[in-house]
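What follows is a short report on a single structure.
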Amino acid sequence: EKGGYEHFMLKEIYEQPKAIFDTFRGRLLPDQNMIKMGGLFEYKDRFLNADRIIIVGCGTSWHAGLVGEYLFEDLARIPVEVEYASEFRYRNPVITDKDVVIAISQSGETADTLAAIKLAKQAGALIFGVCNVVGSSIARETHAGAYTHAGPEIGVASTKAFTAQVTVLALLSIQLAKLKGTLNETRYHQLLEELYSIPSKIEYMLKSDKQVRAISEKYKDAQNCLYLGRGYNFPVALEGALKLKEISYIHAEGYPAAEMKHGPIALIDENMPVFVIAPKNGQYDKIVSNIQEVKARNGKIIAIVSEGDEEIAKMADFTLEIPDSSEAFSPLLTTIPLQLLSYHIAVMRGCNVDQPRNLAKSVTVE
Ligand code: F6R
């Protein structure tokens with residue numbers, strides 16, 4: 001059932017090209033220059049007239065929501081708030097019938113997320129679900145939605161569900177942008193084509209994990225790790241850190257790179273591996289200076305860079321390359337090597353990667 005892979009997690013990492021493809025199959029139609037999403041179409045006016053979108057979720061699904069914030073604001077110019085379901089529901093939040101609430105959940109059973117949408121529904125908001133498990137409690141509680149078609153995710157650490165969630169959010173934001181007129185025709189078409197090419201780019205990246213193994217070997221005994229990213233890749237830094245801590249039990253923190261100087265920089269010494277997500281078309285020059293700040297304090301840099309990058313390669317202890325893409329889709333690529341790093345480090349440390357201690361696949365208690 002693990003299809004020849006040693007663990008479900010590894011199998012699920014390698015299934016991502018298919019999970020993403022299946023998620024946009026029948027929806028993303030570059031040849032016809034269109035996106036078809038029934039749930040969005042049905043509630044088009046609610047989305048277009050919304051004051052804001054509130055995205056709720058927990059854990060990795062919350063991280064996908066953060067990527068969604070960048071997508072919706074950047075492409076469709078709709079204000080977005082991303083909320084931990086557990087905080088949102090107990091905060092006496094201000095919700096009206098002009099709000100659209102997007103609930104993201106792989107299992108569709110997370111208690112806090114379910115309670116958050118029940119509350120928002122009562123206040124009159126439109127509830128849109130992004131779930132992986134068909135017919136799950138959250139899916140049933142929503143007005144409309146778009147399933148991720150990642151297939152069953154068995155490993156406790158979420159991998160393919162995350163990239164499938166980001167794929168749905170990309171489809172939604174591009175289509176909303178089109179409806180709102182915030183994207184010109186050329187850019188719209190480019191984005192459709194580019195999203196369509198993501199699975200093959202991931203396929204290509206998954207061909208060799210030699211460099212990932214070498215890096216894992218080198219840093220597997222670290223006690224702390226820092227993950228830094230900016231813009232669209234800030235949520236990827238959070239997700240990279242979560243993946244490492246939950247399966248390898250190494251303490252890890254994700255930060256927006258510019259925040260480092262406001263505190264975490266004090267932690268940097270020769271024993272601190274710093275994973276920096278630094279593709280070419282993010283805020284490249286800014287992140288180069290963040291890397292210099294780390295190197296000046298003898299920290300170790302492992303950088304995720306665009307293919308052919310030379311500037312960061314000169315400064316970093318290790319680099320991992322990703323194929324070129326628009327910044328908007330880069331999280332779908334930069335996430336992959338970070339998942340693999342966590343996986344290999346955890347295996348090298350003898351951890352039970354598919355069932356890490358203290359964790360459950362679906363959290364049905366609050
Ligand atoms: C992390 C992880 C958890 C889940 C979280 C939400 O790898 O798996 O953080 O993402 O418990 O679960 P769902 O998406 O099922 O609501």
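For the structure tokens, the naming scheme is as follows: chains receive sequential letters (A, B, ...) according to their order of presentation, residues are indexed from 1 within each chain, and ligands are indexed from 1 in presentation order.
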Near range 219-233 of chain A, 9 Å: range 244-358 of chain A residue rows, closest pairs, only C-alpha atoms, as JSON lines:
{"residue": "A:Leu244", "atom": "CA", "partner": "A:Cys225", "partner_atom": "CA", "distance": 8.8}
{"residue": "A:Ser248", "atom": "CA", "partner": "A:Lys220", "partner_atom": "CA", "distance": 8.7}
{"residue": "A:Tyr249", "atom": "CA", "partner": "A:Gln223", "partner_atom": "CA", "distance": 8.9}
{"residue": "A:Ile250", "atom": "CA", "partner": "A:Gln223", "partner_atom": "CA", "distance": 5.6}
{"residue": "A:His251", "atom": "CA", "partner": "A:Asn224", "partner_atom": "CA", "distance": 4.8}
{"residue": "A:Ala252", "atom": "CA", "partner": "A:Cys225", "partner_atom": "CA", "distance": 4.6}
{"residue": "A:Glu253", "atom": "CA", "partner": "A:Leu226", "partner_atom": "CA", "distance": 5.1}
{"residue": "A:Gly254", "atom": "CA", "partner": "A:Tyr227", "partner_atom": "CA", "distance": 4.5}
{"residue": "A:Tyr255", "atom": "CA", "partner": "A:Leu228", "partner_atom": "CA", "distance": 5.1}
{"residue": "A:Pro256", "atom": "CA", "partner": "A:Gly229", "partner_atom": "CA", "distance": 5.3}
{"residue": "A:Ala257", "atom": "CA", "partner": "A:Leu228", "partner_atom": "CA", "distance": 4.7}
{"residue": "A:Ala258", "atom": "CA", "partner": "A:Arg230", "partner_atom": "CA", "distance": 7.5}
{"residue": "A:Met260", "atom": "CA", "partner": "A:Leu228", "partner_atom": "CA", "distance": 8.1}
{"residue": "A:Pro264", "atom": "CA", "partner": "A:Leu226", "partner_atom": "CA", "distance": 8.5}
{"residue": "A:Ile268", "atom": "CA", "partner": "A:Leu226", "partner_atom": "CA", "distance": 9.0}
{"residue": "A:Asn271", "atom": "CA", "partner": "A:Ala222", "partner_atom": "CA", "distance": 7.2}
{"residue": "A:Met272", "atom": "CA", "partner": "A:Cys225", "partner_atom": "CA", "distance": 6.0}
{"residue": "A:Pro273", "atom": "CA", "partner": "A:Cys225", "partner_atom": "CA", "distance": 5.3}
{"residue": "A:Val274", "atom": "CA", "partner": "A:Leu226", "partner_atom": "CA", "distance": 4.7}
{"residue": "A:Phe275", "atom": "CA", "partner": "A:Tyr227", "partner_atom": "CA", "distance": 4.7}
{"residue": "A:Val276", "atom": "CA", "partner": "A:Leu228", "partner_atom": "CA", "distance": 4.8}
{"residue": "A:Ile277", "atom": "CA", "partner": "A:Gly229", "partner_atom": "CA", "distance": 5.0}
{"residue": "A:Ala278", "atom": "CA", "partner": "A:Gly229", "partner_atom": "CA", "distance": 6.9}
{"residue": "A:Pro279", "atom": "CA", "partner": "A:Asn233", "partner_atom": "CA", "distance": 8.9}
{"residue": "A:Gly282", "atom": "CA", "partner": "A:Gly231", "partner_atom": "CA", "distance": 6.9}
{"residue": "A:Gln283", "atom": "CA", "partner": "A:Arg230", "partner_atom": "CA", "distance": 6.9}
{"residue": "A:Lys286", "atom": "CA", "partner": "A:Arg230", "partner_atom": "CA", "distance": 8.8}
{"residue": "A:Ile287", "atom": "CA", "partner": "A:Arg230", "partner_atom": "CA", "distance": 7.5}
{"residue": "A:Asn290", "atom": "CA", "partner": "A:Leu228", "partner_atom": "CA", "distance": 8.9}
{"residue": "A:Glu327", "atom": "CA", "partner": "A:Tyr232", "partner_atom": "CA", "distance": 6.9}
{"residue": "A:Ala328", "atom": "CA", "partner": "A:Tyr232", "partner_atom": "CA", "distance": 6.6}
{"residue": "A:Phe329", "atom": "CA", "partner": "A:Tyr232", "partner_atom": "CA", "distance": 8.4}
{"residue": "A:Ser330", "atom": "CA", "partner": "A:Asn233", "partner_atom": "CA", "distance": 7.4}
{"residue": "A:Pro331", "atom": "CA", "partner": "A:Asn233", "partner_atom": "CA", "distance": 5.9}
{"residue": "A:Thr334", "atom": "CA", "partner": "A:Asn233", "partner_atom": "CA", "distance": 7.8}
{"residue": "A:Thr335", "atom": "CA", "partner": "A:Asn233", "partner_atom": "CA", "distance": 8.8}
{"residue": "A:His344", "atom": "CA", "partner": "A:Lys220", "partner_atom": "CA", "distance": 8.5}
{"residue": "A:Ile345", "atom": "CA", "partner": "A:Lys220", "partner_atom": "CA", "distance": 5.2}
{"residue": "A:Ala346", "atom": "CA", "partner": "A:Lys220", "partner_atom": "CA", "distance": 7.8}
{"residue": "A:Met348", "atom": "CA", "partner": "A:Lys220", "partner_atom": "CA", "distance": 7.0}
{"residue": "A:Arg349", "atom": "CA", "partner": "A:Lys220", "partner_atom": "CA", "distance": 6.9}
- prompt: Residues at most 9 Å from range 185-196 of chain A, counting only C-alpha atoms, excluding those fewer than 6 positions away in the same chain, as a list in words?
  reply: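 Surrounding residues, per the criterion: Phe21, Phe24, Leu28, Leu29, Pro30, Asp31, Asn33, Met34, Ile35, Thr167, Ala170, Leu171, Ile174, Gln175, Ala177, Lys178, Ser325, Ser326, Ala328 and Phe329 of chain A.
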Produce a file of the selected residues containing N, CA, C and O atoms, as a short mmCIF file (atom, residue, chain, number, x, y, z; two decimals), in the first residue's frame.
data_model
loop_
_atom_site.label_atom_id
_atom_site.label_comp_id
_atom_site.auth_asym_id
_atom_site.auth_seq_id
_atom_site.Cartn_x
_atom_site.Cartn_y
_atom_site.Cartn_z
N PHE A 21 -2.23 18.05 -10.13
CA PHE A 21 -2.90 17.87 -11.42
C PHE A 21 -4.37 17.48 -11.22
O PHE A 21 -5.27 18.06 -11.84
N PHE A 24 -6.50 20.43 -10.21
CA PHE A 24 -6.94 21.41 -11.22
C PHE A 24 -7.56 20.76 -12.46
O PHE A 24 -8.05 21.46 -13.35
N LEU A 28 -8.87 23.96 -14.51
CA LEU A 28 -7.90 24.86 -15.14
C LEU A 28 -7.80 24.47 -16.62
O LEU A 28 -7.32 23.39 -16.94
N LEU A 29 -8.27 25.37 -17.49
CA LEU A 29 -8.34 25.02 -18.91
C LEU A 29 -7.61 26.09 -19.74
O LEU A 29 -8.25 26.95 -20.37
N PRO A 30 -6.28 26.02 -19.76
CA PRO A 30 -5.52 27.04 -20.48
C PRO A 30 -5.87 27.09 -21.97
O PRO A 30 -5.90 28.17 -22.56
N ASP A 31 -6.17 25.93 -22.56
CA ASP A 31 -6.49 25.93 -24.00
C ASP A 31 -7.74 26.75 -24.31
O ASP A 31 -7.85 27.37 -25.35
N ASN A 33 -8.63 29.10 -22.30
CA ASN A 33 -8.37 30.35 -21.59
C ASN A 33 -9.40 30.59 -20.49
O ASN A 33 -9.94 31.68 -20.36
N MET A 34 -9.68 29.55 -19.71
CA MET A 34 -10.66 29.73 -18.64
C MET A 34 -10.43 28.82 -17.44
O MET A 34 -9.70 27.81 -17.52
N ILE A 35 -11.04 29.22 -16.33
CA ILE A 35 -11.09 28.39 -15.13
C ILE A 35 -12.56 28.12 -14.85
O ILE A 35 -13.39 29.03 -14.89
N THR A 167 -3.13 25.06 -4.49
CA THR A 167 -3.60 25.01 -5.88
C THR A 167 -5.04 25.53 -5.98
O THR A 167 -5.36 26.34 -6.85
N ALA A 170 -5.04 29.20 -5.54
CA ALA A 170 -4.53 29.86 -6.75
C ALA A 170 -5.63 29.95 -7.80
O ALA A 170 -5.86 31.02 -8.38
N LEU A 171 -6.34 28.85 -8.00
CA LEU A 171 -7.44 28.86 -8.98
C LEU A 171 -8.48 29.91 -8.61
O LEU A 171 -8.92 30.71 -9.44
N ILE A 174 -7.11 33.57 -9.04
CA ILE A 174 -6.94 33.97 -10.45
C ILE A 174 -8.31 34.24 -11.08
O ILE A 174 -8.51 35.22 -11.79
N GLN A 175 -9.26 33.35 -10.77
CA GLN A 175 -10.58 33.52 -11.38
C GLN A 175 -11.30 34.75 -10.82
O GLN A 175 -11.94 35.49 -11.55
N ALA A 177 -9.80 37.37 -9.77
CA ALA A 177 -9.09 38.50 -10.36
C ALA A 177 -9.64 38.78 -11.75
O ALA A 177 -9.87 39.93 -12.14
N LYS A 178 -9.89 37.71 -12.47
CA LYS A 178 -10.44 37.85 -13.82
C LYS A 178 -11.83 38.52 -13.76
O LYS A 178 -12.12 39.46 -14.49
N SER A 325 9.63 30.28 -11.77
CA SER A 325 8.17 30.44 -11.82
C SER A 325 7.84 31.84 -11.34
O SER A 325 8.68 32.52 -10.77
N SER A 326 6.60 32.27 -11.59
CA SER A 326 6.16 33.54 -11.01
C SER A 326 6.22 33.41 -9.51
O SER A 326 6.02 32.31 -8.97
N ALA A 328 4.02 34.15 -7.49
CA ALA A 328 2.73 33.66 -6.99
C ALA A 328 2.67 32.15 -6.85
O ALA A 328 1.97 31.63 -5.99
N PHE A 329 3.39 31.44 -7.69
CA PHE A 329 3.34 29.98 -7.62
C PHE A 329 4.56 29.37 -6.95
O PHE A 329 4.65 28.15 -6.80
#
message: Neighbours of ligand 1 at 6 Å or closer, counting only C-alpha atoms and all ligand atoms: which residues, as a PyMOL selection string?
response: chain A and resi 58-61+105-108+110+156-158+243+362-363
message: To test your reading of the structure, identify every residue in range 130-277 of chain A that backbone DSSP assigns to strand (DSSP E or B), and report it as a list in words.
response: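 Selecting the strand (DSSP E or B) positions of range 130-277 of chain A gives Val130, Cys131, Ala144, Gly145, Asn224, Cys225, Leu226, Tyr227, Leu228, Gly229, His251, Ala252, Glu253, Gly254, Tyr255, Pro256, Pro273, Val274, Phe275, Val276 and Ile277 of chain A.
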- prompt: Which one is closest to Ala237 in chain A: A:Gln339, A:Leu40, A:Gly145, A:Glu366? Count only C-alpha atoms.
  reply: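 Smallest distance to Ala237 in chain A is found for A:Gln339.
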field: Which of range 29-249 of chain A DSSP labels helix (DSSP H, G or I), written as a PyMOL selection string
entry: chain A and resi 30-32+38-42+44-49+59-76+85-89+111-122+137-141+160-180+185-196+198-206+210-219+231-248
May I have the residues from that selection written out with C-alpha atoms, as a CSV table (one decimal), in the first residue's frame?
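This went into selection_14.csv:
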chain,number,residue,atom,x,y,z
A,30,PRO,CA,-5.5,27.0,-20.5
A,31,ASP,CA,-6.5,25.9,-24.0
A,32,GLN,CA,-9.9,27.5,-23.6
A,38,GLY,CA,-18.8,25.5,-9.9
A,39,GLY,CA,-18.8,26.6,-6.3
A,40,LEU,CA,-17.3,30.0,-7.1
A,41,PHE,CA,-19.6,30.5,-10.1
A,42,GLU,CA,-22.7,29.8,-8.0
A,44,LYS,CA,-19.9,34.8,-7.7
A,45,ASP,CA,-21.7,37.9,-6.6
A,46,ARG,CA,-21.1,37.2,-2.9
A,47,PHE,CA,-17.4,36.9,-3.6
A,48,LEU,CA,-17.3,40.0,-5.8
A,49,ASN,CA,-19.3,42.1,-3.3
A,59,GLY,CA,-1.6,24.0,11.4
A,60,THR,CA,-0.6,23.3,7.8
A,61,SER,CA,-4.0,24.3,6.5
A,62,TRP,CA,-3.5,27.7,8.2
A,63,HIS,CA,-0.2,28.0,6.4
A,64,ALA,CA,-2.0,27.3,3.1
A,65,GLY,CA,-4.4,30.1,4.1
A,66,LEU,CA,-1.5,32.5,4.5
A,67,VAL,CA,-0.3,31.8,0.9
A,68,GLY,CA,-3.9,32.4,0.0
A,69,GLU,CA,-3.8,35.9,1.6
A,70,TYR,CA,-0.9,36.8,-0.7
A,71,LEU,CA,-2.7,35.4,-3.8
A,72,PHE,CA,-6.1,37.1,-3.2
A,73,GLU,CA,-4.6,40.4,-2.3
A,74,ASP,CA,-1.9,40.5,-4.9
A,75,LEU,CA,-4.0,39.2,-7.9
A,76,ALA,CA,-7.6,40.0,-7.0
A,85,ALA,CA,-9.7,28.8,13.8
A,86,SER,CA,-9.2,28.4,17.5
A,87,GLU,CA,-8.5,32.1,18.1
A,88,PHE,CA,-11.2,33.3,15.7
A,89,ARG,CA,-14.0,31.4,17.3
A,111,ALA,CA,-13.0,20.7,15.7
A,112,ASP,CA,-11.9,24.3,15.9
A,113,THR,CA,-12.3,24.9,12.2
A,114,LEU,CA,-15.8,23.3,12.3
A,115,ALA,CA,-16.8,25.5,15.2
A,116,ALA,CA,-15.4,28.6,13.5
A,117,ILE,CA,-17.5,28.2,10.4
A,118,LYS,CA,-20.7,27.4,12.4
A,119,LEU,CA,-20.2,30.7,14.2
A,120,ALA,CA,-19.5,32.6,11.0
A,121,LYS,CA,-22.5,31.0,9.2
A,122,GLN,CA,-24.8,32.2,12.0
A,137,SER,CA,-18.2,17.4,8.6
A,138,ILE,CA,-16.7,20.7,7.4
A,139,ALA,CA,-17.6,20.1,3.8
A,140,ARG,CA,-21.2,19.4,4.8
A,141,GLU,CA,-21.4,22.6,6.9
A,160,LYS,CA,0.3,16.8,-0.7
A,161,ALA,CA,-2.8,18.2,1.0
A,162,PHE,CA,-0.9,21.5,1.5
A,163,THR,CA,0.1,21.9,-2.2
A,164,ALA,CA,-3.4,20.9,-3.3
A,165,GLN,CA,-4.9,23.5,-1.0
A,166,VAL,CA,-2.6,26.2,-2.4
A,167,THR,CA,-3.6,25.0,-5.9
A,168,VAL,CA,-7.3,25.6,-5.1
A,169,LEU,CA,-6.5,29.0,-3.6
A,170,ALA,CA,-4.5,29.9,-6.7
A,171,LEU,CA,-7.4,28.9,-9.0
A,172,LEU,CA,-9.9,30.9,-6.9
A,173,SER,CA,-7.8,34.0,-6.7
A,174,ILE,CA,-6.9,34.0,-10.4
A,175,GLN,CA,-10.6,33.5,-11.4
A,176,LEU,CA,-11.7,36.2,-9.0
A,177,ALA,CA,-9.1,38.5,-10.4
A,178,LYS,CA,-10.4,37.8,-13.8
A,179,LEU,CA,-14.0,38.6,-12.7
A,180,LYS,CA,-12.9,41.7,-10.9
A,185,GLU,CA,-5.8,39.2,-20.5
A,186,THR,CA,-2.1,38.5,-21.1
A,187,ARG,CA,-1.2,38.0,-17.5
A,188,TYR,CA,-4.4,35.9,-16.9
A,189,HIS,CA,-3.4,33.6,-19.7
A,190,GLN,CA,0.2,33.4,-18.6
A,191,LEU,CA,-0.9,32.4,-15.1
A,192,LEU,CA,-3.2,29.7,-16.4
A,193,GLU,CA,-0.3,28.2,-18.5
A,194,GLU,CA,2.1,28.5,-15.7
A,195,LEU,CA,-0.1,26.9,-13.1
A,196,TYR,CA,-0.6,24.1,-15.6
A,198,ILE,CA,3.7,23.2,-12.0
A,199,PRO,CA,3.2,19.4,-11.8
A,200,SER,CA,5.9,18.8,-14.3
A,201,LYS,CA,8.3,21.2,-12.6
A,202,ILE,CA,7.8,19.3,-9.3
A,203,GLU,CA,8.3,16.0,-11.1
A,204,TYR,CA,11.6,17.3,-12.4
A,205,MET,CA,12.6,18.5,-8.9
A,206,LEU,CA,11.8,15.1,-7.4
A,210,LYS,CA,21.0,13.5,-3.5
A,211,GLN,CA,21.7,17.1,-2.4
A,212,VAL,CA,18.8,17.0,0.0
A,213,ARG,CA,20.2,13.8,1.6
A,214,ALA,CA,23.7,15.4,1.9
A,215,ILE,CA,22.2,18.4,3.7
A,216,SER,CA,20.1,16.2,5.9
A,217,GLU,CA,23.2,14.2,6.9
A,218,LYS,CA,25.0,17.4,7.7
A,219,TYR,CA,22.4,19.0,9.9
A,231,GLY,CA,6.4,37.6,0.7
A,232,TYR,CA,4.7,34.6,-0.8
A,233,ASN,CA,7.5,32.4,0.8
A,234,PHE,CA,7.0,33.6,4.3
A,235,PRO,CA,4.3,31.0,4.9
A,236,VAL,CA,6.6,28.4,3.4
A,237,ALA,CA,9.1,29.2,6.1
A,238,LEU,CA,6.5,28.6,8.7
A,239,GLU,CA,5.5,25.3,7.0
A,240,GLY,CA,9.1,24.2,6.7
A,241,ALA,CA,9.7,24.7,10.4
A,242,LEU,CA,6.4,22.9,11.3
A,243,LYS,CA,7.3,19.9,9.1
A,244,LEU,CA,10.7,19.6,10.8
A,245,LYS,CA,9.6,19.9,14.3
A,246,GLU,CA,6.7,17.6,14.1
A,247,ILE,CA,8.5,14.6,12.6
A,248,SER,CA,12.1,15.1,13.7
- request: Rank nothing, just name the residue among A:Ile20, A:Val101, A:Ile304, A:Ser208 nearest to Ala125 in chain A, using only C-alpha atoms.
  value: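 Counting only C-alpha atoms, the residue closest to Ala125 in chain A is A:Val101.
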field: Interatomic distance (Å, one decimal) between CA of Asn281 in chain A and CA of Ala313 in chain A
entry: 15.9 Å
- prompt: Which value, in Å to one decimal, gives the distance between CA of Arg91 in chain A and CA of Tyr147 in chain A?
  reply: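 Spanning CA of Arg91 in chain A to CA of Tyr147 in chain A is a straight-line distance of 28.2 Å.
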- request: Pick out the closest residue to Lys2 in chain A from this set: A:Val56, A:Asp354, A:Ile336, A:Ser342. Count only C-alpha atoms.
  value: A:Asp354
task: Between CA of Leu126 in chain A and CA of Asp51 in chain A, measure the distance and give it in Å to one decimal.
output: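 Answer for the CA of Leu126 in chain A to CA of Asp51 in chain A separation: 11.7 Å.
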message: I want to know what sits within 8 Å of Phe128 in chain A, based on only C-alpha atoms, with residues of the same chain fewer than 6 positions away left out; could you give that as a count of residues only?
response: 9
